Structures are given as structure tokens and as C-alpha cells.
file protein07.txt (compact mmCIF, C-alpha atoms)
# COMPACT_ATOMS: atom_id res chain seq x y z
CA MET A 1 110.22 30.61 -43.45
CA ALA A 2 107.84 29.07 -46.00
CA SER A 3 109.29 25.54 -45.73
CA ALA A 4 107.41 22.73 -43.99
CA PRO A 5 107.15 23.05 -40.19
CA VAL A 6 108.82 20.36 -38.11
CA VAL A 7 107.30 18.66 -35.07
CA LEU A 8 109.71 17.17 -32.54
CA ASP A 9 107.32 14.58 -31.17
CA LEU A 10 108.81 14.21 -27.71
CA ASP A 11 105.62 14.22 -25.64
CA GLY A 12 102.59 13.87 -27.93
CA SER A 13 101.33 17.35 -27.01
CA LEU A 14 101.07 18.86 -30.48
CA GLY A 15 98.06 18.78 -32.76
CA SER A 16 98.21 18.33 -36.52
CA LEU A 17 99.93 21.16 -38.38
CA PRO A 18 99.61 21.65 -42.16
CA ALA A 19 102.27 19.98 -44.33
CA ARG A 20 104.34 19.14 -41.27
CA LEU A 21 107.33 16.85 -40.92
CA VAL A 22 106.98 14.80 -37.72
CA LEU A 23 110.13 13.39 -36.11
CA PRO A 24 109.25 10.49 -33.74
CA LEU A 25 111.39 11.15 -30.66
CA ARG A 26 109.41 9.78 -27.71
CA GLU A 27 112.31 7.58 -26.60
CA TRP A 28 114.20 10.79 -25.77
CA GLU A 29 111.56 12.23 -23.43
CA GLU A 30 112.94 10.99 -20.11
CA SER A 31 116.57 11.92 -20.83
CA LEU A 32 115.80 15.39 -22.25
CA ARG A 33 112.71 16.64 -20.49
CA PHE A 34 113.30 19.53 -18.05
CA ALA A 35 117.07 18.91 -17.98
CA ALA A 36 119.73 16.92 -19.81
CA THR A 37 123.34 15.96 -19.35
CA TRP A 38 125.79 17.31 -21.90
CA ARG A 39 126.34 13.75 -23.13
CA ALA A 40 122.60 13.37 -23.81
CA MET A 41 122.49 16.75 -25.53
CA ARG A 42 125.41 15.88 -27.79
CA ARG A 43 123.81 12.55 -28.73
CA PHE A 44 120.47 14.22 -29.39
CA GLY A 45 122.07 17.00 -31.43
CA ALA A 46 123.75 14.43 -33.69
CA ALA A 47 120.51 12.45 -34.07
CA LEU A 48 118.54 15.60 -34.84
CA ASP A 49 121.09 16.73 -37.40
CA ALA A 50 120.75 13.42 -39.21
CA MET A 51 116.94 13.58 -39.27
CA LEU A 52 116.33 17.21 -40.21
CA PRO A 53 116.38 18.31 -43.85
CA GLU A 54 118.82 21.05 -44.79
CA ARG A 55 115.92 23.50 -45.18
CA HIS A 56 112.84 23.44 -42.98
CA GLY A 57 110.32 25.76 -41.39
CA THR A 58 109.44 26.52 -37.79
CA VAL A 59 110.26 23.76 -35.30
CA PHE A 60 107.59 22.93 -32.71
CA MET A 61 109.20 21.30 -29.68
CA GLY A 62 106.27 20.46 -27.42
CA SER A 63 106.27 21.21 -23.69
CA GLY A 64 108.15 24.21 -22.36
CA ASP A 65 110.18 21.61 -20.46
CA PHE A 66 112.09 21.18 -23.75
CA HIS A 67 113.07 24.81 -24.41
CA HIS A 68 116.77 23.97 -24.06
CA LEU A 69 116.46 22.06 -27.35
CA SER A 70 116.61 25.45 -29.04
CA LEU A 71 120.36 25.19 -28.42
CA PRO A 72 121.12 22.45 -31.01
CA LEU A 73 118.73 24.08 -33.48
CA ILE A 74 120.53 27.42 -33.15
CA GLU A 75 123.94 25.74 -33.36
CA ARG A 76 122.79 24.14 -36.63
CA ARG A 77 121.80 27.53 -38.07
CA GLY A 78 125.24 28.90 -37.28
CA ARG A 79 126.64 27.39 -40.47
CA GLU A 80 124.93 30.20 -42.40
CA GLY A 81 126.62 33.23 -40.80
CA ARG A 82 126.08 35.48 -37.78
CA PHE A 83 122.64 36.37 -36.46
CA GLN A 84 120.92 37.57 -33.31
CA VAL A 85 118.60 35.39 -31.23
CA VAL A 86 115.28 36.79 -30.02
CA VAL A 87 113.45 34.84 -27.32
CA LEU A 88 109.86 35.60 -26.30
CA ASP A 89 109.69 34.23 -22.75
CA ASN A 90 108.37 35.05 -19.31
CA HIS A 91 111.71 33.90 -17.86
CA PRO A 92 115.34 34.79 -18.64
CA ASP A 93 116.32 31.11 -19.16
CA ASN A 94 119.78 32.20 -18.00
CA MET A 95 119.72 30.69 -14.50
CA ARG A 96 122.48 28.70 -12.86
CA PHE A 97 122.31 24.92 -13.27
CA ALA A 98 125.10 22.57 -12.26
CA TRP A 99 124.16 19.32 -14.04
CA GLY A 100 124.29 19.94 -17.79
CA VAL A 101 121.61 22.19 -19.25
CA HIS A 102 117.93 22.65 -18.49
CA CYS A 103 114.98 24.61 -19.82
CA GLY A 104 115.89 27.58 -17.64
CA SER A 105 119.65 27.74 -18.29
CA TRP A 106 120.18 27.33 -22.03
CA VAL A 107 120.39 31.04 -22.99
CA ARG A 108 123.85 31.31 -21.46
CA ARG A 109 125.14 28.65 -23.87
CA VAL A 110 123.50 30.30 -26.88
CA ALA A 111 125.01 33.67 -25.95
CA ALA A 112 128.45 32.02 -25.91
CA LEU A 113 128.16 30.81 -29.53
CA GLU A 114 130.47 32.67 -31.89
CA GLN A 115 127.82 32.89 -34.62
CA VAL A 116 125.32 34.58 -32.25
CA SER A 117 125.82 38.35 -32.19
CA HIS A 118 123.38 38.98 -29.32
CA VAL A 119 120.47 37.41 -27.42
CA HIS A 120 117.39 39.48 -26.57
CA VAL A 121 114.85 37.96 -24.15
CA LEU A 122 111.55 39.83 -24.52
CA GLY A 123 108.56 39.85 -22.18
CA ILE A 124 110.05 38.82 -18.82
CA THR A 125 107.75 39.40 -15.83
CA SER A 126 109.32 36.69 -13.66
CA SER A 127 111.03 37.56 -10.38
CA ASP A 128 113.98 35.49 -11.70
CA ILE A 129 115.58 38.81 -12.70
CA GLY A 130 114.72 40.64 -9.48
CA ALA A 131 117.20 41.43 -6.71
CA ARG A 132 116.39 38.33 -4.62
CA HIS A 133 117.35 36.04 -7.51
CA ALA A 134 120.17 38.14 -8.97
CA TRP A 135 122.82 35.66 -7.79
CA GLU A 136 121.10 32.86 -9.72
CA ASN A 137 121.58 34.60 -13.09
CA TYR A 138 124.69 33.93 -15.14
CA LEU A 139 126.22 37.40 -15.24
CA ALA A 140 128.99 36.68 -17.77
CA PRO A 141 126.83 37.05 -20.93
CA LEU A 142 125.35 40.27 -19.52
CA ARG A 143 128.78 41.68 -18.71
CA ARG A 144 130.11 40.73 -22.15
CA GLY A 145 127.28 42.63 -23.81
CA LYS A 146 125.88 39.47 -25.43
CA LEU A 147 122.53 39.35 -23.59
CA THR A 148 119.73 41.84 -22.88
CA TYR A 149 116.64 41.34 -20.70
CA TRP A 150 113.49 43.20 -21.84
CA SER A 151 111.13 43.15 -18.87
CA LEU A 152 107.78 44.31 -17.53
CA GLY A 153 106.90 45.12 -13.93
CA VAL A 154 110.12 43.81 -12.35
CA ASP A 155 112.38 45.98 -10.19
CA VAL A 156 115.80 45.57 -11.82
CA SER A 157 117.51 48.53 -10.15
CA TRP A 158 120.12 46.17 -8.69
CA ALA A 159 121.68 45.89 -12.17
CA ARG A 160 122.79 49.53 -11.99
CA ARG A 161 124.98 48.82 -8.99
CA LEU A 162 126.82 46.16 -10.99
CA GLY A 163 127.27 48.34 -14.07
CA LEU A 164 124.72 46.28 -16.05
CA ALA A 165 121.96 48.87 -16.52
CA ALA A 166 122.36 48.82 -20.32
CA ARG A 167 121.58 45.11 -20.40
CA PHE A 168 118.23 45.54 -18.60
CA ARG A 169 115.41 47.21 -20.52
CA PRO A 170 112.37 47.70 -18.23
CA PHE A 171 109.07 48.88 -19.73
CA ALA A 172 105.69 49.91 -18.36
CA THR A 173 103.63 48.12 -21.04
CA PRO A 174 104.20 45.35 -23.59
CA ASP A 175 103.19 47.78 -26.36
CA GLU A 176 106.14 50.03 -25.46
CA LEU A 177 108.50 47.07 -25.26
CA VAL A 178 107.53 45.67 -28.65
CA ASP A 179 107.64 49.10 -30.32
CA ALA A 180 111.14 49.80 -28.94
CA PHE A 181 112.46 46.45 -30.06
CA GLY A 182 111.01 46.89 -33.55
CA ARG A 183 112.62 50.30 -33.95
CA GLU A 184 116.05 49.29 -32.68
CA TYR A 185 116.77 45.66 -33.56
CA ALA A 186 114.33 44.19 -36.07
CA GLN A 187 116.52 44.72 -39.15
CA GLU A 188 119.18 42.11 -38.28
CA PRO A 189 119.23 38.43 -39.32
CA THR A 190 117.34 36.72 -36.50
CA TYR A 191 116.54 33.33 -35.03
CA LEU A 192 113.23 33.64 -33.14
CA SER A 193 112.27 31.33 -30.25
CA ILE A 194 108.78 31.61 -28.75
CA ASP A 195 107.88 30.12 -25.37
CA LYS A 196 104.15 30.54 -24.90
CA ASP A 197 104.53 31.20 -21.19
CA VAL A 198 105.26 34.78 -22.34
CA PHE A 199 101.50 35.10 -22.95
CA ALA A 200 98.82 35.97 -20.43
CA PRO A 201 96.83 32.89 -19.35
CA GLY A 202 93.83 34.07 -21.36
CA VAL A 203 95.86 33.64 -24.57
CA ALA A 204 97.23 30.15 -23.91
CA ARG A 205 97.49 28.11 -20.71
CA THR A 206 100.82 26.59 -19.74
CA ASN A 207 102.03 24.86 -16.57
CA TRP A 208 104.64 27.56 -15.89
CA ASP A 209 104.01 30.99 -14.38
CA GLN A 210 102.97 33.26 -17.23
CA GLY A 211 103.58 36.74 -18.56
CA VAL A 212 101.35 39.49 -19.93
CA PHE A 213 101.86 39.44 -23.71
CA CYS A 214 98.77 39.32 -25.92
CA GLU A 215 98.87 37.41 -29.17
CA ASP A 216 99.14 40.72 -31.05
CA HIS A 217 102.45 41.47 -29.33
CA ALA A 218 104.02 38.28 -30.66
CA LEU A 219 102.54 38.90 -34.09
CA ALA A 220 103.99 42.44 -34.06
CA VAL A 221 107.48 41.05 -33.31
CA ILE A 222 107.12 38.50 -36.11
CA LYS A 223 105.96 41.18 -38.54
CA ALA A 224 108.85 43.47 -37.59
CA LEU A 225 111.29 40.62 -38.29
CA GLN A 226 109.78 39.71 -41.68
CA GLY A 227 112.45 39.15 -44.27
CA ASN A 228 115.16 38.71 -41.63
CA LEU A 229 114.24 35.37 -40.02
CA VAL A 230 116.88 32.67 -40.43
CA GLY A 231 115.01 30.16 -38.23
CA SER A 232 112.36 29.84 -35.55
CA ASP A 233 110.95 27.51 -32.95
CA VAL A 234 107.87 27.39 -30.71
CA THR A 235 107.50 25.71 -27.33
CA GLY A 236 105.24 26.00 -24.31
CA GLU A 237 102.76 23.19 -24.94
CA ILE A 238 101.41 21.34 -21.94
CA SER A 239 101.62 17.59 -21.35
CA ALA A 240 101.45 15.27 -18.36
CA TYR A 241 104.53 13.26 -17.44
CA ARG A 242 105.95 11.47 -14.39
CA TYR A 243 109.74 11.18 -14.36
CA ARG A 244 111.35 7.83 -13.69
CA ASN A 245 114.45 9.68 -12.49
CA PRO A 246 113.90 10.74 -8.82
CA VAL A 247 116.30 13.69 -9.15
CA LYS A 248 114.25 15.09 -12.03
CA ARG A 249 111.05 14.55 -10.01
CA TRP A 250 112.59 16.58 -7.19
CA LEU A 251 113.93 19.36 -9.42
CA SER A 252 110.67 19.79 -11.30
CA ALA A 253 108.73 19.83 -8.01
CA LEU A 254 110.82 22.82 -6.88
CA ASP A 255 109.27 24.83 -9.72
CA ASP A 256 105.73 24.16 -8.47
CA GLN A 257 104.41 23.08 -11.85
CA PRO A 258 100.72 22.17 -11.46
CA LEU A 259 99.59 18.71 -12.50
CA VAL A 260 96.98 18.99 -15.25
CA GLY A 261 95.09 16.02 -16.65
CA GLY A 262 91.86 14.74 -18.15
CA ALA A 263 89.40 17.16 -19.72
CA GLU A 264 91.32 20.17 -18.40
CA LEU A 265 94.49 19.05 -20.19
CA ALA A 266 92.58 18.43 -23.43
CA GLY A 267 91.02 21.88 -23.25
CA TRP A 268 94.33 23.61 -22.66
CA GLN A 269 95.94 21.68 -25.51
CA SER A 270 93.09 22.64 -27.85
CA GLY A 271 93.64 26.33 -27.14
CA GLN A 272 97.39 25.89 -27.61
CA HIS A 273 96.85 24.21 -30.97
CA ALA A 274 94.66 27.04 -32.28
CA LEU A 275 97.34 29.54 -31.29
CA ASN A 276 100.04 27.42 -32.96
CA LEU A 277 98.17 27.57 -36.25
CA ARG A 278 98.01 31.37 -36.10
CA LEU A 279 101.66 31.72 -35.13
CA LEU A 280 102.66 29.37 -37.94
CA GLU A 281 100.65 31.38 -40.46
CA ALA A 282 102.44 34.56 -39.36
CA LEU A 283 105.88 32.93 -39.41
CA ARG A 284 105.30 31.58 -42.92
CA ALA A 285 104.15 34.93 -44.29

call {"tool": "encode", "arguments": {"input": "protein07.txt", "output": "C-alpha cells"}}
result
Amino acid sequence: MASAPVVLDLDGSLGSLPARLVLPLREWEESLRFAATWRAMRRFGAALDAMLPERHGTVFMGSGDFHHLSLPLIERRGREGRFQVVVLDNHPDNMRFAWGVHCGSWVRRVAALEQVSHVHVLGITSSDIGARHAWENYLAPLRRGKLTYWSLGVDVSWARRLGLAARFRPFATPDELVDAFGREYAQEPTYLSIDKDVFAPGVARTNWDQGVFCEDHALAVIKALQGNLVGSDVTGEISAYRYRNPVKRWLSALDDQPLVGGAELAGWQSGQHALNLRLLEALRA
């Protein structure tokens, strides 16, 4: 992963990264942010394919509202053979969504790709995988053995009643989770996607509910995967935006994302940028 990092400049949230390639994509922000129709995703995928070099480093996508853009990046990597996908995220990103794809539903589509052998989502503390929200999860990739949730502090006993216990890996501490993953799955070709809402707020502030990972936990996963990474992306920046589309305004409001602006926004972005530099250094090692 020593090639130049790529910035998808969709929201102006990213600071300057060394030797980066910046793709100016602000005209796509309204149509892609939070959710996108399949038509918009197909158009964006074609545009992205035309702009990206054949070889590149880690892709930085901006706000966590764009995490579904991992899908075209992973599809692009599929030309090079089969690989697993590892997602560091506080959420499963495998939730039901009826109008295309959004930042919390894209994992289902990745798990369905022929070139993807398995998807592991590491670091989930969200109640999205608890019993009250079980019906909201796409169960097909779990039943097919293509998706595993690695969680912390969530009661997932309901999965046993559906015969899905093997697809739910609960742990008491992030240290135990990371160690188990490194022992069992780190030797396979891997695409790594990092959403910084997996981190505790003291590591990096996002406008989504956050997990409990420390920076060292992400660095341990990256180190375990050294030599086996076929691609990577990072999201979870924070930026202020007001949707023109009233449906998107309503949908995003349902997730209770706090509005952050002014000096507070600048401070959060500064901390995010410092973390990005350290993650990039580890990914390029």
C-alpha cells in the first residue's frame, strides 16, 4: 500500500495528506451523501473508475455519510482475485434500506460480490445488532456464511435462536477481539475499510455514536494484515451540510446526528487529520 493516497473531495473535510491525489467531486455531494439511488451509484462508479489510476494507495472518503462508497472501490479491486473485506466500524452497516444504498446498508451488497470471500465487521458496540433491531439486519449474508459481526458489550443471544451464533463473535474487551481476529483471519488477502466511529470519542470525534476502540487497536489490525492488504479506505470525518432534498433531511434527522460548526468543527477536524496521518503511515508501512 505504498502508492499515493487518494482523497475523494466530496465535502472539503480532509486536511492535506502527503503526496496525495485529490479528486474534485463536490458536485456529487448532494446525490451521494448519506444515501444514493442505484442509478447515482452506477454513474459515480463509472466516473470514479475513469479518474482513478490503476494503482493507488488508501482512499480517504470524507464524512462517514459516504461509507457506502466503499462498494465501488471494492468492486474495482475484484478484478485482481478473491479477498476478504475487513471493516472497522461501530455499526454493522448491514441494515435494511429500501431506496438504493446508504451508509448503513452497503455491507450486504459487498457480501454478495463473487470476489469477496467473507466480510468481517470489527468493533461493533451499537444496539443495531441487538434483539430490538434484529429485524432491521439483512439476515441473508449471515445465513450464507458471508458475514460475521465482531462485537463488544451487545447482547446478541437472539442469534442463537436463529441458528446464527457462529456469525456473531461477542468479546469482553477490544484487546481480546483484535487478538482473536489476528490469530484466525489475518493471513488472507484483505481489503480494509476503517470508519473512525469505531473509536472512542477521546481518539477522534465524529457525528455518529461511537465505539470503544483505541488507536492501538486499529494499528494492531493493520499490523496483523501487513503483506496481505489489497486495498484500503478511511472514512468518518466530520463536516457540516444541509440537504436540499427534504427526504434526505428527514432520514438523516432520524439518526440524531448532532450539528457541529464553527470552532468546534475546526477542532474536531484537526484531531481527525492528525489521526489520518498516523493511520496512513501504518497503512503504507

call {"tool": "atom_distance", "arguments": {"input": "protein07.txt", "atom1": "atom CA of Trp135 of chain A", "atom2": "atom CA of Gln115 of chain A"}}
result
27.4 Å

call {"tool": "residues_near_point", "arguments": {"input": "protein07.txt", "point": "(100.6, 21.9, -44.0)", "cutoff": "10 Å", "atoms": "only C-alpha atoms", "output": "MDAnalysis selection string"}}
result
chainID A and resid 3:5 16:21 277 280

call {"tool": "atom_distance", "arguments": {"input": "protein07.txt", "atom1": "atom CA of Arg132 of chain A", "atom2": "atom CA of Pro201 of chain A"}}
result
25.1 Å

call {"tool": "atom_distance", "arguments": {"input": "protein07.txt", "atom1": "atom CA of Glu75 of chain A", "atom2": "atom CA of Arg42 of chain A"}}
result
11.4 Å

call {"tool": "closest_residue", "arguments": {"input": "protein07.txt", "among": "A:Ala224, A:Ala166, A:Val230, A:Leu69", "to": "Ala35 of chain A", "atoms": "only C-alpha atoms"}}
result
A:Leu69

call {"tool": "closest_residue", "arguments": {"input": "protein07.txt", "among": "A:Ser127, A:Asn228, A:Asn90, A:Gln187", "to": "Ala200 of chain A", "atoms": "all atoms listed in the file"}}
result
A:Asn90

call {"tool": "axis_aligned_box", "arguments": {"input": "protein07.txt", "around": "segment 188-196 of chain A", "padding_each_side": "4 Å", "output": "JSON"}}
result
{"center_x": 111.7, "center_y": 36.1, "center_z": -32.1, "size_x": 23.1, "size_y": 20.0, "size_z": 22.4}

call {"tool": "closest_residue", "arguments": {"input": "protein07.txt", "among": "A:Gln84, A:Gln226, A:Ser232, A:Asn245", "to": "Val59 of chain A", "atoms": "all atoms listed in the file"}}
result
A:Ser232

call {"tool": "closest_residue", "arguments": {"input": "protein07.txt", "among": "A:Leu71, A:Ala131, A:Val119, A:Ala282", "to": "Trp106 of chain A", "atoms": "only C-alpha atoms"}}
result
A:Leu71

call {"tool": "closest_residue", "arguments": {"input": "protein07.txt", "among": "A:Ala111, A:Val156, A:Ala220, A:Leu122", "to": "Leu279 of chain A", "atoms": "only C-alpha atoms"}}
result
A:Ala220

call {"tool": "closest_residue", "arguments": {"input": "protein07.txt", "among": "A:Leu73, A:Val101, A:Val203, A:Asn276", "to": "Thr37 of chain A", "atoms": "all atoms listed in the file"}}
result
A:Val101

call {"tool": "residues_around", "arguments": {"input": "protein07.txt", "residues": "Ser63 of chain A", "least_positions_apart": "5", "cutoff": "8 Å", "atoms": "all atoms listed in the file", "output": "list in words"}}
result
Asp11, Ser13, Thr235, Gly236, Glu237, Ile238 and Ser239 of chain A

call {"tool": "residues_around", "arguments": {"input": "protein07.txt", "residues": "Leu25 of chain A", "least_positions_apart": "6", "cutoff": "9 Å", "atoms": "only C-alpha atoms", "output": "PyMOL selection string"}}
result
chain A and resi 8-11

call {"tool": "residues_around", "arguments": {"input": "protein07.txt", "residues": "Asp128 of chain A", "least_positions_apart": "6", "cutoff": "12 Å", "atoms": "all atoms listed in the file", "output": "list of chain:residue names"}}
result
A:Asp89, A:Asn90, A:His91, A:Pro92, A:Asp93, A:Asn94, A:Met95, A:Arg96, A:Gly104, A:Ser105, A:Ala134, A:Trp135, A:Glu136, A:Asn137, A:Tyr138, A:Tyr149, A:Ser151, A:Val154, A:Asp155, A:Val156, A:Asp209, A:Asp255

call {"tool": "residues_around", "arguments": {"input": "protein07.txt", "residues": "Leu225 of chain A", "least_positions_apart": "3", "cutoff": "9 Å", "atoms": "only C-alpha atoms", "output": "list in words"}}
result
Gly182, Tyr185, Ala186, Gln187, Glu188, Pro189, Thr190, Leu192, Ala220, Val221, Ile222, Asn228 and Leu229 of chain A

call {"tool": "write_last_selection", "arguments": {"input": "protein07.txt", "atoms": "C-alpha atoms", "output": "PDB file, in the coordinates of the input"}}
result
ATOM      1  CA  GLY A 182     111.010  46.890 -33.550  1.00  0.00           C
ATOM      2  CA  TYR A 185     116.770  45.660 -33.560  1.00  0.00           C
ATOM      3  CA  ALA A 186     114.330  44.190 -36.070  1.00  0.00           C
ATOM      4  CA  GLN A 187     116.520  44.720 -39.150  1.00  0.00           C
ATOM      5  CA  GLU A 188     119.180  42.110 -38.280  1.00  0.00           C
ATOM      6  CA  PRO A 189     119.230  38.430 -39.320  1.00  0.00           C
ATOM      7  CA  THR A 190     117.340  36.720 -36.500  1.00  0.00           C
ATOM      8  CA  LEU A 192     113.230  33.640 -33.140  1.00  0.00           C
ATOM      9  CA  ALA A 220     103.990  42.440 -34.060  1.00  0.00           C
ATOM     10  CA  VAL A 221     107.480  41.050 -33.310  1.00  0.00           C
ATOM     11  CA  ILE A 222     107.120  38.500 -36.110  1.00  0.00           C
ATOM     12  CA  ASN A 228     115.160  38.710 -41.630  1.00  0.00           C
ATOM     13  CA  LEU A 229     114.240  35.370 -40.020  1.00  0.00           C
TER      14      LEU A 229
END

call {"tool": "residues_near_point", "arguments": {"input": "protein07.txt", "point": "(96.9, 28.1, -19.9)", "cutoff": "10 Å", "atoms": "all atoms listed in the file", "output": "MDAnalysis selection string"}}
result
chainID A and resid 196:197 199:210 236:238 264:265 267:269 271:272

call {"tool": "decode", "arguments": {"input": "protein07.txt", "residues": "segment 147-209 of chain A", "atoms": "C-alpha atoms", "output": "PDB file, in the first residue's frame"}}
result
ATOM      1  CA  LEU A 147     -20.684 -12.030   7.050  1.00  0.00           C
ATOM      2  CA  THR A 148     -19.517 -12.034  10.684  1.00  0.00           C
ATOM      3  CA  TYR A 149     -20.175  -9.410  13.365  1.00  0.00           C
ATOM      4  CA  TRP A 150     -17.377  -8.939  15.946  1.00  0.00           C
ATOM      5  CA  SER A 151     -18.945  -7.019  18.825  1.00  0.00           C
ATOM      6  CA  LEU A 152     -18.378  -5.592  22.285  1.00  0.00           C
ATOM      7  CA  GLY A 153     -20.940  -5.186  25.054  1.00  0.00           C
ATOM      8  CA  VAL A 154     -24.025  -6.059  22.974  1.00  0.00           C
ATOM      9  CA  ASP A 155     -26.398  -8.883  23.903  1.00  0.00           C
ATOM     10  CA  VAL A 156     -26.568 -10.972  20.716  1.00  0.00           C
ATOM     11  CA  SER A 157     -28.098 -14.099  22.251  1.00  0.00           C
ATOM     12  CA  TRP A 158     -31.050 -13.793  19.854  1.00  0.00           C
ATOM     13  CA  ALA A 159     -28.769 -15.017  17.044  1.00  0.00           C
ATOM     14  CA  ARG A 160     -28.583 -18.468  18.654  1.00  0.00           C
ATOM     15  CA  ARG A 161     -32.315 -18.956  18.265  1.00  0.00           C
ATOM     16  CA  LEU A 162     -31.983 -18.368  14.516  1.00  0.00           C
ATOM     17  CA  GLY A 163     -29.002 -20.691  14.106  1.00  0.00           C
ATOM     18  CA  LEU A 164     -26.634 -17.747  13.511  1.00  0.00           C
ATOM     19  CA  ALA A 165     -24.426 -17.996  16.611  1.00  0.00           C
ATOM     20  CA  ALA A 166     -21.305 -18.693  14.515  1.00  0.00           C
ATOM     21  CA  ARG A 167     -21.742 -15.391  12.702  1.00  0.00           C
ATOM     22  CA  PHE A 168     -21.741 -13.348  15.932  1.00  0.00           C
ATOM     23  CA  ARG A 169     -18.459 -13.046  17.828  1.00  0.00           C
ATOM     24  CA  PRO A 170     -19.004 -11.185  21.130  1.00  0.00           C
ATOM     25  CA  PHE A 171     -15.992 -10.151  23.220  1.00  0.00           C
ATOM     26  CA  ALA A 172     -15.465  -8.598  26.639  1.00  0.00           C
ATOM     27  CA  THR A 173     -12.640  -6.260  25.559  1.00  0.00           C
ATOM     28  CA  PRO A 174     -11.297  -4.840  22.295  1.00  0.00           C
ATOM     29  CA  ASP A 175      -7.899  -6.381  23.091  1.00  0.00           C
ATOM     30  CA  GLU A 176      -9.457  -9.862  23.042  1.00  0.00           C
ATOM     31  CA  LEU A 177     -11.343  -9.111  19.834  1.00  0.00           C
ATOM     32  CA  VAL A 178      -8.284  -7.851  17.971  1.00  0.00           C
ATOM     33  CA  ASP A 179      -6.104 -10.731  19.206  1.00  0.00           C
ATOM     34  CA  ALA A 180      -8.671 -13.325  18.086  1.00  0.00           C
ATOM     35  CA  PHE A 181      -9.042 -11.775  14.665  1.00  0.00           C
ATOM     36  CA  GLY A 182      -5.273 -11.610  14.182  1.00  0.00           C
ATOM     37  CA  ARG A 183      -4.852 -15.278  15.066  1.00  0.00           C
ATOM     38  CA  GLU A 184      -7.687 -16.546  12.886  1.00  0.00           C
ATOM     39  CA  TYR A 185      -8.065 -14.367   9.792  1.00  0.00           C
ATOM     40  CA  ALA A 186      -5.142 -12.005   9.232  1.00  0.00           C
ATOM     41  CA  GLN A 187      -3.296 -14.196   6.712  1.00  0.00           C
ATOM     42  CA  GLU A 188      -5.809 -13.810   3.854  1.00  0.00           C
ATOM     43  CA  PRO A 189      -5.766 -11.181   1.077  1.00  0.00           C
ATOM     44  CA  THR A 190      -7.783  -8.328   2.565  1.00  0.00           C
ATOM     45  CA  TYR A 191      -9.475  -5.061   1.700  1.00  0.00           C
ATOM     46  CA  LEU A 192      -9.597  -2.935   4.874  1.00  0.00           C
ATOM     47  CA  SER A 193     -12.217  -0.217   5.447  1.00  0.00           C
ATOM     48  CA  ILE A 194     -11.933   1.996   8.540  1.00  0.00           C
ATOM     49  CA  ASP A 195     -14.816   4.124   9.808  1.00  0.00           C
ATOM     50  CA  LYS A 196     -13.493   6.251  12.640  1.00  0.00           C
ATOM     51  CA  ASP A 197     -16.742   5.972  14.572  1.00  0.00           C
ATOM     52  CA  VAL A 198     -15.253   2.648  15.752  1.00  0.00           C
ATOM     53  CA  PHE A 199     -13.004   4.739  18.028  1.00  0.00           C
ATOM     54  CA  ALA A 200     -13.827   6.105  21.456  1.00  0.00           C
ATOM     55  CA  PRO A 201     -14.590   9.854  21.347  1.00  0.00           C
ATOM     56  CA  GLY A 202     -11.263  10.622  23.001  1.00  0.00           C
ATOM     57  CA  VAL A 203      -9.451   9.248  19.926  1.00  0.00           C
ATOM     58  CA  ALA A 204     -11.420  11.105  17.244  1.00  0.00           C
ATOM     59  CA  ARG A 205     -14.774  12.884  17.356  1.00  0.00           C
ATOM     60  CA  THR A 206     -17.429  12.019  14.784  1.00  0.00           C
ATOM     61  CA  ASN A 207     -21.099  12.958  14.475  1.00  0.00           C
ATOM     62  CA  TRP A 208     -22.229   9.321  14.804  1.00  0.00           C
ATOM     63  CA  ASP A 209     -22.488   7.312  18.022  1.00  0.00           C
TER      64      ASP A 209
END
